[in-house]
file entry.tsv (TSV, C-alpha atoms (C1' of nucleotides))
chain	number	residue	atom	x	y	z
A	17	MET	CA	70.48	-143.13	-122.46
A	18	SER	CA	69.23	-139.68	-122.93
A	19	THR	CA	65.70	-140.45	-122.02
A	20	ALA	CA	65.96	-138.84	-118.67
A	21	GLU	CA	62.27	-138.92	-118.76
A	22	GLU	CA	61.11	-140.81	-115.76
A	23	ALA	CA	61.68	-144.42	-116.59
A	24	GLN	CA	58.24	-145.42	-115.53
A	25	GLY	CA	56.65	-142.07	-115.99
A	26	ASP	CA	53.05	-141.72	-116.69
A	27	PRO	CA	52.60	-142.03	-120.40
A	28	ALA	CA	48.94	-141.36	-120.59
A	29	CYS	CA	48.35	-140.03	-117.16
A	30	THR	CA	49.28	-136.63	-118.36
A	31	GLY	CA	45.79	-135.74	-119.30
A	32	GLU	CA	46.38	-134.28	-122.71
A	33	LEU	CA	42.84	-134.03	-123.92
A	34	PRO	CA	42.44	-134.12	-127.67
A	35	HIS	CA	40.74	-131.08	-129.01
A	36	ALA	CA	37.84	-133.02	-130.42
A	37	ALA	CA	37.24	-134.57	-127.02
A	38	SER	CA	37.15	-131.30	-125.16
A	39	SER	CA	33.41	-131.45	-125.40
A	40	GLY	CA	33.41	-134.61	-123.34
A	41	PRO	CA	35.99	-134.53	-120.60
A	42	VAL	CA	34.12	-136.83	-118.29
A	43	SER	CA	33.46	-139.32	-121.05
A	44	HIS	CA	37.12	-139.31	-121.83
A	45	ALA	CA	37.96	-139.86	-118.22
A	46	VAL	CA	35.48	-142.69	-118.03
A	47	SER	CA	37.12	-144.40	-120.96
A	48	ARG	CA	40.59	-144.10	-119.52
A	49	VAL	CA	39.54	-145.16	-116.07
A	50	ALA	CA	37.68	-148.09	-117.53
A	51	ARG	CA	40.71	-149.39	-119.32
A	52	LEU	CA	43.04	-148.88	-116.41
A	53	HIS	CA	40.58	-150.48	-114.09
A	54	ARG	CA	40.19	-153.47	-116.33
A	55	ILE	CA	43.94	-153.86	-116.59
A	56	ALA	CA	44.29	-153.67	-112.85
A	57	ALA	CA	41.57	-156.25	-112.43
A	58	GLY	CA	43.23	-158.43	-115.00
A	59	LYS	CA	46.50	-158.43	-113.17
A	60	LEU	CA	44.86	-159.42	-109.94
A	61	LEU	CA	42.78	-162.11	-111.56
A	62	LYS	CA	45.58	-163.54	-113.62
A	63	GLY	CA	47.06	-165.32	-110.65
A	64	LEU	CA	43.69	-166.92	-110.04
A	65	GLY	CA	43.37	-168.28	-113.53
A	66	LEU	CA	40.59	-165.94	-114.51
A	67	TYR	CA	40.32	-163.34	-117.19
A	68	PRO	CA	38.71	-159.99	-116.57
A	69	GLY	CA	35.01	-160.32	-117.18
A	70	GLN	CA	34.79	-163.90	-116.08
A	71	GLU	CA	34.59	-162.89	-112.45
A	72	PHE	CA	31.13	-161.49	-112.93
A	73	VAL	CA	29.85	-164.74	-114.26
A	74	MET	CA	31.60	-166.73	-111.57
A	75	MET	CA	30.25	-164.47	-108.87
A	76	ARG	CA	26.75	-165.07	-110.09
A	77	LEU	CA	27.36	-168.78	-110.11
A	78	TRP	CA	28.81	-168.75	-106.64
A	79	ASP	CA	25.85	-166.78	-105.46
A	80	ALA	CA	23.07	-168.59	-107.15
A	81	GLY	CA	24.21	-172.14	-107.65
A	82	PRO	CA	23.07	-174.00	-110.74
A	83	VAL	CA	21.31	-171.60	-113.03
A	84	ARG	CA	20.20	-171.44	-116.57
A	85	GLN	CA	22.45	-169.73	-119.00
A	86	SER	CA	19.68	-167.33	-119.76
A	87	GLU	CA	19.66	-166.34	-116.11
A	88	LEU	CA	23.32	-165.57	-116.29
A	89	ILE	CA	22.80	-163.54	-119.40
A	90	LYS	CA	20.09	-161.56	-117.77
A	91	ALA	CA	21.99	-161.11	-114.54
A	92	ALA	CA	25.17	-159.95	-116.18
A	93	ASP	CA	23.30	-158.18	-118.96
A	94	LEU	CA	25.66	-159.58	-121.53
A	95	ASP	CA	25.16	-160.76	-125.03
A	96	PRO	CA	24.15	-164.44	-125.19
A	97	SER	CA	27.02	-165.25	-127.47
A	98	THR	CA	29.44	-163.63	-125.08
A	99	VAL	CA	28.25	-165.81	-122.27
A	100	THR	CA	28.28	-168.93	-124.39
A	101	LYS	CA	31.88	-168.47	-125.36
A	102	MET	CA	32.94	-167.44	-121.92
A	103	LEU	CA	31.33	-170.51	-120.43
A	104	GLN	CA	32.99	-172.73	-122.97
A	105	ARG	CA	36.32	-171.40	-121.83
A	106	LEU	CA	35.39	-171.55	-118.19
A	107	GLU	CA	34.34	-175.12	-118.69
A	108	GLN	CA	37.56	-175.92	-120.43
A	109	SER	CA	39.54	-174.40	-117.61
A	110	GLY	CA	37.55	-176.37	-115.08
A	111	HIS	CA	35.78	-173.53	-113.36
A	112	VAL	CA	32.35	-174.43	-114.52
A	113	ARG	CA	30.22	-177.46	-115.24
A	114	ARG	CA	27.36	-177.52	-117.67
A	115	CYS	CA	24.64	-180.01	-118.17
A	116	PRO	CA	21.36	-180.03	-120.05
A	117	ASP	CA	18.34	-178.94	-118.15
A	118	PRO	CA	15.97	-181.88	-117.79
A	119	ASP	CA	13.01	-179.54	-117.67
A	120	ASP	CA	13.79	-177.70	-120.90
A	121	ARG	CA	15.67	-179.60	-123.44
A	122	ARG	CA	16.97	-176.48	-125.12
A	123	ALA	CA	18.33	-174.95	-121.94
A	124	VAL	CA	21.61	-175.54	-120.18
A	125	LEU	CA	22.27	-175.55	-116.48
A	126	VAL	CA	25.51	-174.08	-115.31
A	127	GLU	CA	27.20	-174.38	-111.98
A	128	ALA	CA	30.53	-173.58	-110.47
A	129	THR	CA	32.79	-176.54	-109.86
A	130	GLU	CA	34.01	-177.30	-106.38
A	131	ARG	CA	37.47	-176.38	-107.50
A	132	SER	CA	36.28	-172.97	-108.51
A	133	CYS	CA	34.57	-172.45	-105.20
A	134	ALA	CA	37.98	-172.42	-103.64
A	135	LEU	CA	38.58	-169.27	-105.62
A	136	LEU	CA	35.70	-167.44	-104.09
A	137	SER	CA	37.64	-166.01	-101.22
A	138	ASP	CA	40.59	-165.19	-103.45
A	139	VAL	CA	38.39	-163.36	-105.89
A	140	SER	CA	36.72	-161.51	-103.08
A	141	ALA	CA	40.11	-160.52	-101.74
A	142	ALA	CA	41.25	-159.47	-105.18
A	143	TRP	CA	38.21	-157.32	-105.55
A	144	ALA	CA	38.76	-155.75	-102.20
A	145	GLU	CA	42.31	-155.00	-103.19
A	146	LEU	CA	41.18	-153.59	-106.49
A	147	GLU	CA	38.69	-151.43	-104.71
A	148	GLU	CA	41.31	-150.11	-102.38
A	149	HIS	CA	43.72	-149.54	-105.21
A	150	THR	CA	41.04	-147.68	-107.08
A	151	LEU	CA	39.97	-145.53	-104.20
A	152	ARG	CA	43.29	-144.99	-102.49
A	153	GLY	CA	43.49	-141.60	-100.93
A	154	LEU	CA	39.76	-140.96	-101.05
A	155	ASP	CA	38.03	-140.51	-97.75
A	156	GLU	CA	34.67	-141.96	-96.93
A	157	ASP	CA	32.80	-138.95	-98.17
A	158	ASP	CA	34.54	-139.02	-101.50
A	159	ARG	CA	33.89	-142.70	-101.91
A	160	ARG	CA	30.25	-142.31	-101.14
A	161	GLU	CA	30.04	-139.42	-103.51
A	162	LEU	CA	31.75	-141.33	-106.28
A	163	ALA	CA	29.45	-144.28	-105.78
A	164	ARG	CA	26.47	-141.97	-105.90
A	165	LEU	CA	27.62	-140.23	-109.06
A	166	LEU	CA	28.48	-143.45	-110.81
A	167	SER	CA	25.09	-144.76	-109.94
A	168	ARG	CA	23.50	-141.73	-111.51
A	169	VAL	CA	25.64	-142.09	-114.60
A	170	GLU	CA	24.79	-145.74	-114.86
A	171	ALA	CA	21.13	-144.96	-114.71
A	172	ASN	CA	21.60	-142.37	-117.42
A	173	LEU	CA	23.42	-144.77	-119.67
A	174	CYS	CA	20.75	-147.38	-119.19
A	175	THR	CA	18.28	-145.17	-120.97
A	176	GLU	CA	18.34	-145.25	-124.72
A	177	THR	CA	20.59	-142.74	-126.30
A	178	ALA	CA	18.32	-139.95	-127.35
A	179	ASP	CA	14.90	-141.25	-126.80
A	180	CYS	CA	14.34	-141.08	-123.13
A	181	PRO	CA	11.68	-138.48	-122.74
A	182	GLU	CA	10.98	-140.45	-119.59
A	183	ARG	CA	7.65	-141.10	-121.05
A	184	ARG	CA	7.34	-144.04	-123.32
A	185	GLY	CA	3.99	-144.63	-124.82
A	186	GLY	CA	1.21	-146.45	-123.07
A	187	ASP	CA	2.87	-149.73	-122.64
B	11	MET	CA	12.93	-170.33	-100.00
B	12	SER	CA	13.01	-169.87	-103.68
B	13	THR	CA	12.32	-166.24	-103.37
B	14	ALA	CA	11.97	-165.29	-106.96
B	15	GLU	CA	12.21	-161.65	-106.16
B	16	GLU	CA	15.08	-161.09	-108.51
B	17	ALA	CA	13.07	-162.19	-111.45
B	18	GLN	CA	12.05	-158.74	-112.43
B	19	GLY	CA	11.65	-156.96	-115.67
B	20	ASP	CA	14.66	-154.71	-115.43
B	21	PRO	CA	17.69	-156.67	-116.48
B	22	ALA	CA	20.84	-155.03	-115.24
B	23	CYS	CA	19.73	-151.69	-114.04
B	24	THR	CA	18.62	-153.25	-110.83
B	25	GLY	CA	21.92	-153.13	-109.04
B	26	GLU	CA	21.92	-156.57	-107.54
B	27	LEU	CA	25.47	-156.80	-106.35
B	28	PRO	CA	26.91	-160.30	-106.25
B	29	HIS	CA	27.99	-161.31	-102.83
B	30	ALA	CA	31.60	-161.74	-103.82
B	31	ALA	CA	31.63	-158.24	-105.22
B	32	SER	CA	30.29	-156.59	-102.13
B	33	SER	CA	33.84	-155.80	-101.21
B	34	GLY	CA	34.15	-153.63	-104.26
B	35	PRO	CA	30.99	-151.75	-105.02
B	36	VAL	CA	32.71	-148.90	-106.77
B	37	SER	CA	34.78	-151.23	-108.88
B	38	HIS	CA	31.64	-152.99	-109.88
B	39	ALA	CA	30.02	-149.73	-110.77
B	40	VAL	CA	33.03	-148.71	-112.77
B	41	SER	CA	32.83	-151.90	-114.79
B	42	ARG	CA	29.18	-151.51	-115.53
B	43	VAL	CA	29.43	-147.86	-116.36
B	44	ALA	CA	32.39	-148.57	-118.59
B	45	ARG	CA	30.49	-151.07	-120.65
B	46	LEU	CA	27.38	-148.99	-120.91
B	47	HIS	CA	29.41	-145.97	-121.81
B	48	ARG	CA	31.22	-147.86	-124.53
B	49	ILE	CA	27.97	-149.14	-125.92
B	50	ALA	CA	26.53	-145.65	-125.97
B	51	ALA	CA	29.64	-144.35	-127.68
B	52	GLY	CA	29.44	-147.18	-130.17
B	53	LYS	CA	25.90	-146.34	-131.13
B	54	LEU	CA	26.77	-142.73	-131.72
B	55	LEU	CA	29.88	-143.55	-133.70
B	56	LYS	CA	28.28	-146.23	-135.78
B	57	GLY	CA	26.56	-143.73	-137.97
B	58	LEU	CA	29.91	-142.10	-138.60
B	59	GLY	CA	31.58	-145.28	-139.72
B	60	LEU	CA	33.78	-145.55	-136.65
B	61	TYR	CA	34.07	-148.21	-134.01
B	62	PRO	CA	34.46	-147.33	-130.37
B	63	GLY	CA	38.10	-146.86	-129.64
B	64	GLN	CA	38.98	-145.53	-133.04
B	65	GLU	CA	37.86	-142.06	-132.12
B	66	PHE	CA	40.79	-141.61	-129.80
B	67	VAL	CA	43.24	-142.35	-132.54
B	68	MET	CA	41.41	-140.18	-135.01
B	69	MET	CA	41.24	-137.32	-132.54
B	70	ARG	CA	44.97	-137.47	-132.11
B	71	LEU	CA	45.44	-137.44	-135.83
B	72	TRP	CA	43.09	-134.54	-136.31
B	73	ASP	CA	44.92	-132.67	-133.63
B	74	ALA	CA	48.45	-133.41	-134.54
B	75	GLY	CA	48.52	-134.03	-138.25
B	76	PRO	CA	50.98	-136.57	-139.61
B	77	VAL	CA	52.57	-138.39	-136.75
B	78	ARG	CA	54.57	-141.48	-136.19
B	79	GLN	CA	52.72	-144.54	-135.12
B	80	SER	CA	54.82	-144.60	-132.00
B	81	GLU	CA	53.53	-141.16	-131.16
B	82	LEU	CA	50.00	-142.42	-131.45
B	83	ILE	CA	50.84	-145.36	-129.27
B	84	LYS	CA	52.30	-143.13	-126.65
B	85	ALA	CA	49.49	-140.63	-126.83
B	86	ALA	CA	46.73	-143.17	-126.57
B	87	ASP	CA	48.76	-145.40	-124.28
B	88	LEU	CA	47.73	-148.46	-126.20
B	89	ASP	CA	49.53	-151.59	-127.11
B	90	PRO	CA	51.52	-151.24	-130.35
B	91	SER	CA	49.78	-154.18	-131.88
B	92	THR	CA	46.42	-152.68	-131.07
B	93	VAL	CA	47.31	-149.51	-132.91
B	94	THR	CA	48.74	-151.39	-135.85
B	95	LYS	CA	45.60	-153.36	-136.40
B	96	MET	CA	43.36	-150.42	-135.79
B	97	LEU	CA	45.24	-148.37	-138.32
B	98	GLN	CA	45.07	-151.14	-140.85
B	99	ARG	CA	41.32	-151.08	-140.55
B	100	LEU	CA	41.14	-147.33	-140.52
B	101	GLU	CA	43.24	-147.29	-143.65
B	102	GLN	CA	41.02	-149.83	-145.26
B	103	SER	CA	37.96	-147.78	-144.43
B	104	GLY	CA	39.59	-144.68	-145.82
B	105	HIS	CA	39.94	-142.69	-142.65
B	106	VAL	CA	43.68	-142.78	-142.53
B	107	ARG	CA	46.68	-142.70	-144.80
B	108	ARG	CA	50.01	-144.24	-143.98
B	109	CYS	CA	53.36	-143.80	-145.61
B	110	PRO	CA	56.89	-144.67	-144.63
B	111	ASP	CA	58.82	-142.03	-142.78
B	112	PRO	CA	61.67	-140.84	-144.99
B	113	ASP	CA	63.73	-139.93	-141.96
B	114	ASP	CA	63.41	-143.29	-140.33
B	115	ARG	CA	62.94	-146.24	-142.52
B	116	ARG	CA	61.43	-148.40	-139.85
B	117	ALA	CA	58.82	-145.85	-138.87
B	118	VAL	CA	55.47	-145.10	-140.41
B	119	LEU	CA	53.80	-141.75	-140.71
B	120	VAL	CA	50.07	-141.62	-140.24
B	121	GLU	CA	47.65	-138.91	-141.10
B	122	ALA	CA	43.94	-138.42	-141.31
B	123	THR	CA	42.51	-138.32	-144.79
B	124	GLU	CA	40.61	-135.29	-145.97
B	125	ARG	CA	37.51	-137.39	-146.03
B	126	SER	CA	37.95	-138.22	-142.39
B	127	CYS	CA	38.43	-134.59	-141.49
B	128	ALA	CA	34.84	-134.04	-142.46
B	129	LEU	CA	33.99	-136.30	-139.55
B	130	LEU	CA	35.69	-134.11	-137.02
B	131	SER	CA	32.71	-131.97	-136.28
B	132	ASP	CA	30.41	-134.99	-136.24
B	133	VAL	CA	32.61	-136.81	-133.80
B	134	SER	CA	32.85	-133.75	-131.63
B	135	ALA	CA	29.11	-133.48	-131.67
B	136	ALA	CA	28.74	-137.15	-130.90
B	137	TRP	CA	31.04	-136.77	-127.96
B	138	ALA	CA	29.16	-133.79	-126.72
B	139	GLU	CA	25.97	-135.77	-126.96
B	140	LEU	CA	27.56	-138.69	-125.20
B	141	GLU	CA	28.74	-136.39	-122.45
B	142	GLU	CA	25.30	-134.97	-122.03
B	143	HIS	CA	23.74	-138.39	-122.08
B	144	THR	CA	26.22	-139.53	-119.48
B	145	LEU	CA	25.79	-136.57	-117.20
B	146	ARG	CA	22.13	-135.91	-117.68
B	147	GLY	CA	20.55	-134.66	-114.53
B	148	LEU	CA	23.81	-133.74	-112.85
B	149	ASP	CA	24.34	-130.13	-112.03
B	150	GLU	CA	27.59	-128.32	-112.50
B	151	ASP	CA	28.82	-129.14	-109.05
B	152	ASP	CA	28.19	-132.82	-109.49
B	153	ARG	CA	29.92	-132.83	-112.84
B	154	ARG	CA	32.93	-131.09	-111.47
B	155	GLU	CA	32.98	-133.45	-108.56
B	156	LEU	CA	32.73	-136.49	-110.78
B	157	ALA	CA	35.54	-135.20	-112.96
B	158	ARG	CA	37.65	-134.61	-109.92
B	159	LEU	CA	37.02	-138.04	-108.48
B	160	LEU	CA	37.61	-139.80	-111.76
B	161	SER	CA	40.85	-137.96	-112.09
B	162	ARG	CA	41.90	-139.18	-108.66
B	163	VAL	CA	40.90	-142.71	-109.52
B	164	GLU	CA	42.77	-142.54	-112.78
B	165	ALA	CA	45.88	-141.42	-110.99
B	166	ASN	CA	45.49	-144.27	-108.55
B	167	LEU	CA	45.12	-146.83	-111.28
B	168	CYS	CA	48.16	-145.49	-113.05
B	169	THR	CA	50.34	-146.57	-110.17
B	170	GLU	CA	51.36	-150.17	-110.05
B	171	THR	CA	49.20	-152.28	-107.86
B	172	ALA	CA	51.15	-152.19	-104.68
B	173	ASP	CA	53.67	-149.55	-105.47
B	174	CYS	CA	52.73	-146.01	-104.90
B	175	PRO	CA	55.81	-143.91	-104.40
B	176	GLU	CA	55.52	-140.18	-104.45
B	177	ARG	CA	53.85	-139.33	-107.65
B	178	ARG	CA	55.09	-136.60	-109.91
B	179	GLY	CA	52.79	-133.68	-109.89
B	180	GLY	CA	53.12	-133.29	-113.61
B	181	ASP	CA	53.46	-129.70	-114.59
C	2	DA	C1'	84.19	-150.99	-138.06
C	3	DA	C1'	81.74	-154.79	-135.89
C	4	DT	C1'	78.70	-155.90	-132.42
C	5	DA	C1'	75.10	-155.40	-129.22
C	6	DT	C1'	70.93	-152.60	-127.88
C	7	DT	C1'	67.30	-150.37	-128.50
C	8	DA	C1'	63.34	-148.56	-131.03
C	9	DC	C1'	59.60	-149.29	-134.53
C	10	DC	C1'	56.20	-151.91	-136.36
C	11	DT	C1'	54.06	-156.34	-137.68
C	12	DT	C1'	52.18	-160.96	-137.04
C	13	DG	C1'	49.75	-164.51	-134.53
C	14	DG	C1'	47.38	-165.87	-130.75
C	15	DT	C1'	43.94	-165.20	-126.99
C	16	DC	C1'	39.84	-163.04	-124.62
C	17	DG	C1'	35.86	-160.11	-123.85
C	18	DG	C1'	32.27	-157.97	-126.26
C	19	DC	C1'	28.90	-157.01	-129.97
C	20	DC	C1'	25.70	-158.22	-133.99
C	21	DA	C1'	23.44	-161.27	-137.26
C	22	DA	C1'	21.88	-165.57	-138.44
C	23	DT	C1'	20.89	-170.36	-137.38
C	24	DG	C1'	18.88	-174.57	-135.25
C	25	DA	C1'	16.29	-176.74	-131.66
C	26	DA	C1'	12.72	-177.01	-128.26
C	27	DT	C1'	8.89	-174.85	-126.02
C	28	DG	C1'	4.54	-172.48	-125.89
C	29	DC	C1'	0.61	-170.17	-127.75
C	30	DG	C1'	-3.07	-169.45	-130.88
C	31	DC	C1'	-6.11	-171.47	-133.97
D	13	DG	C1'	-3.58	-181.42	-133.84
D	14	DC	C1'	-0.99	-177.78	-136.56
D	15	DG	C1'	1.55	-173.74	-137.33
D	16	DC	C1'	3.66	-169.65	-135.77
D	17	DA	C1'	6.11	-166.88	-132.65
D	18	DT	C1'	9.24	-167.03	-128.55
D	19	DT	C1'	12.86	-168.50	-126.09
D	20	DC	C1'	17.30	-170.99	-125.55
D	21	DA	C1'	21.68	-171.59	-126.94
D	22	DT	C1'	25.25	-171.86	-130.54
D	23	DT	C1'	28.06	-170.46	-134.45
D	24	DG	C1'	30.66	-167.20	-137.25
D	25	DG	C1'	32.23	-162.79	-138.07
D	26	DC	C1'	33.94	-158.52	-136.53
D	27	DC	C1'	36.43	-155.16	-133.44
D	28	DG	C1'	39.26	-153.49	-129.48
D	29	DA	C1'	42.68	-154.90	-126.37
D	30	DC	C1'	46.38	-157.64	-124.42
D	31	DC	C1'	50.81	-160.49	-124.67
D	32	DA	C1'	54.65	-162.82	-126.88
D	33	DA	C1'	57.71	-163.18	-130.67
D	34	DG	C1'	59.71	-161.76	-134.69
D	35	DG	C1'	62.08	-158.80	-138.34
D	36	DT	C1'	64.08	-154.60	-139.67
D	37	DA	C1'	66.42	-150.38	-139.04
D	38	DA	C1'	68.75	-146.88	-136.21
D	39	DT	C1'	71.72	-146.09	-132.31
D	40	DA	C1'	75.04	-147.14	-128.61
D	41	DT	C1'	78.88	-149.70	-127.14
D	42	DT	C1'	83.17	-151.77	-127.84
call {"tool": "encode", "arguments": {"input": "entry.tsv", "output": "structure tokens"}}
result
Amino acid sequence: MSTAEEAQGDPACTGELPHAASSGPVSHAVSRVARLHRIAAGKLLKGLGLYPGQEFVMMRLWDAGPVRQSELIKAADLDPSTVTKMLQRLEQSGHVRRCPDPDDRRAVLVEATERSCALLSDVSAAWAELEEHTLRGLDEDDRRELARLLSRVEANLCTETADCPERRGGD
Amino acid sequence: MSTAEEAQGDPACTGELPHAASSGPVSHAVSRVARLHRIAAGKLLKGLGLYPGQEFVMMRLWDAGPVRQSELIKAADLDPSTVTKMLQRLEQSGHVRRCPDPDDRRAVLVEATERSCALLSDVSAAWAELEEHTLRGLDEDDRRELARLLSRVEANLCTETADCPERRGGD
DNA sequence: AATATTACCTTGGTCGGCCAATGAATGCGC
DNA sequence: GCGCATTCATTGGCCGACCAAGGTAATATT
């Protein structure tokens, strides 16, 4: 076994930035952090029977009670088809119940099952753990700063790619 | 009751944090930023015939020339199967050429096609644009700070969930 | 040399996520 | 009332990403 190279070393953590990405170091970091963060979330959620991404939907349901699917879509800002499929799986796994909306025959009302409500505290705890894992070693100032900067970045990314002269036409 | 205050025009940009996620505001922000960032990258790459995620592999190939698939896997820190499928599609779309490694009959050598090399500058430009889009409005200090914090977070997420021994300082 | 291990890649499955296109019900304008 | 546009949700296709399992070849062990 010659590989004296740190059995569990950091494969990708050695930030070897590709040349073509040198123009976007932060973007690169965002991508890597995103994947790692998702993986970490996935591990924590796995024990709860949830897949990463489903928590957002469940959280909305826990918060808001029975809602239209369109509300979920708007709240999570996801593609309708994404939500449809996710809900089908969540229904299959017993986390969610769906029934037609009596008021609008094309709409569907979604609500969290009682069983899933038992997960609420676990998911909250998992998220707290994830947060701590993510921010370990950062003091309060750093955390605030990171939150602030991410918020700025999010706002930036919410604007269309190259057409945000912050002045759309009349309406 | 029935305060319909959340029924506003802005879909997701209004940071209405679910209650269950209040324990992890930064994690939530990371998730949202990640998705938005990926979407932005996707839009920029679409015109170049690439899908988000493929750039990383291509960048490695442009940097390193013909490499083993395992090198790519290690460099990008992706699942082998992910790389296999991605390369199959990249080969199909003409961005990549693969041939068996004469030195190791189970290995595969991968290289960027000449055609794809023409994309290098475009991808670099796209990444620069993405970076600017991401960081618009942040001054140099903020950008440095964000890079620093993301780096810290990345390091955190590289450690297993509850196991953070002394980390190697990497040269 | 024969066997066991390990490394390399592939296949098949699953999920989240997107887009495009479709069908069904509602609502608006005429 | 009738027709058209909107909204709601679904389907199918695609891609990235994961895991689990498998097959083949190189290497270590015996």
call {"tool": "residues_near_point", "arguments": {"input": "entry.tsv", "point": "(35.2, -131.2, -126.4)", "cutoff": "12 Å", "atoms": "all atoms listed in the file", "output": "PyMOL selection string"}}
result
(chain A and resi 33-44) or (chain B and resi 69+130-142)
call {"tool": "residues_around", "arguments": {"input": "entry.tsv", "residues": "region 16-29 of chain D", "least_positions_apart": "3", "cutoff": "10 Å", "atoms": "all atoms listed in the file", "output": "JSON, numbers by chain"}}
result
{"A": [51, 55, 84, 85, 86, 96, 97, 99, 100, 101, 120, 121, 122, 123, 124], "B": [61, 62, 63, 64, 88, 89, 91, 92, 93, 95, 96, 99], "C": [16, 17, 18, 19, 20, 21, 22, 23, 24, 25, 26, 27, 28, 29, 30]}
call {"tool": "calpha_fit_rmsd", "arguments": {"input": "entry.tsv", "fixed": "chain A", "moving": "chain B"}}
result
4.0 Å
call {"tool": "closest_residue", "arguments": {"input": "entry.tsv", "among": "B:Ala165, B:Ala86, B:Leu71, B:Leu119", "to": "chain C", "atoms": "only C-alpha atoms (C1' of nucleotides)"}}
result
B:Leu119
call {"tool": "residues_around", "arguments": {"input": "entry.tsv", "residues": "Ala39 (chain B)", "least_positions_apart": "5", "cutoff": "8 Å", "atoms": "only C-alpha atoms (C1' of nucleotides)", "output": "PyMOL selection string"}}
result
chain A and resi 163+166-167+170
call {"tool": "residues_around", "arguments": {"input": "entry.tsv", "residues": "DA5 (chain C)", "least_positions_apart": "6", "cutoff": "12 Å", "atoms": "all atoms listed in the file", "output": "number ranges by chain"}}
result
D: 39-42
call {"tool": "interface_residues", "arguments": {"input": "entry.tsv", "of": "chain C", "to": "chain B", "cutoff": "10 Å", "atoms": "only C-alpha atoms (C1' of nucleotides)", "output": "list in words"}}
result
DA8, DC9, DC10, DT11, DT12, DG18 and DC19 of chain C
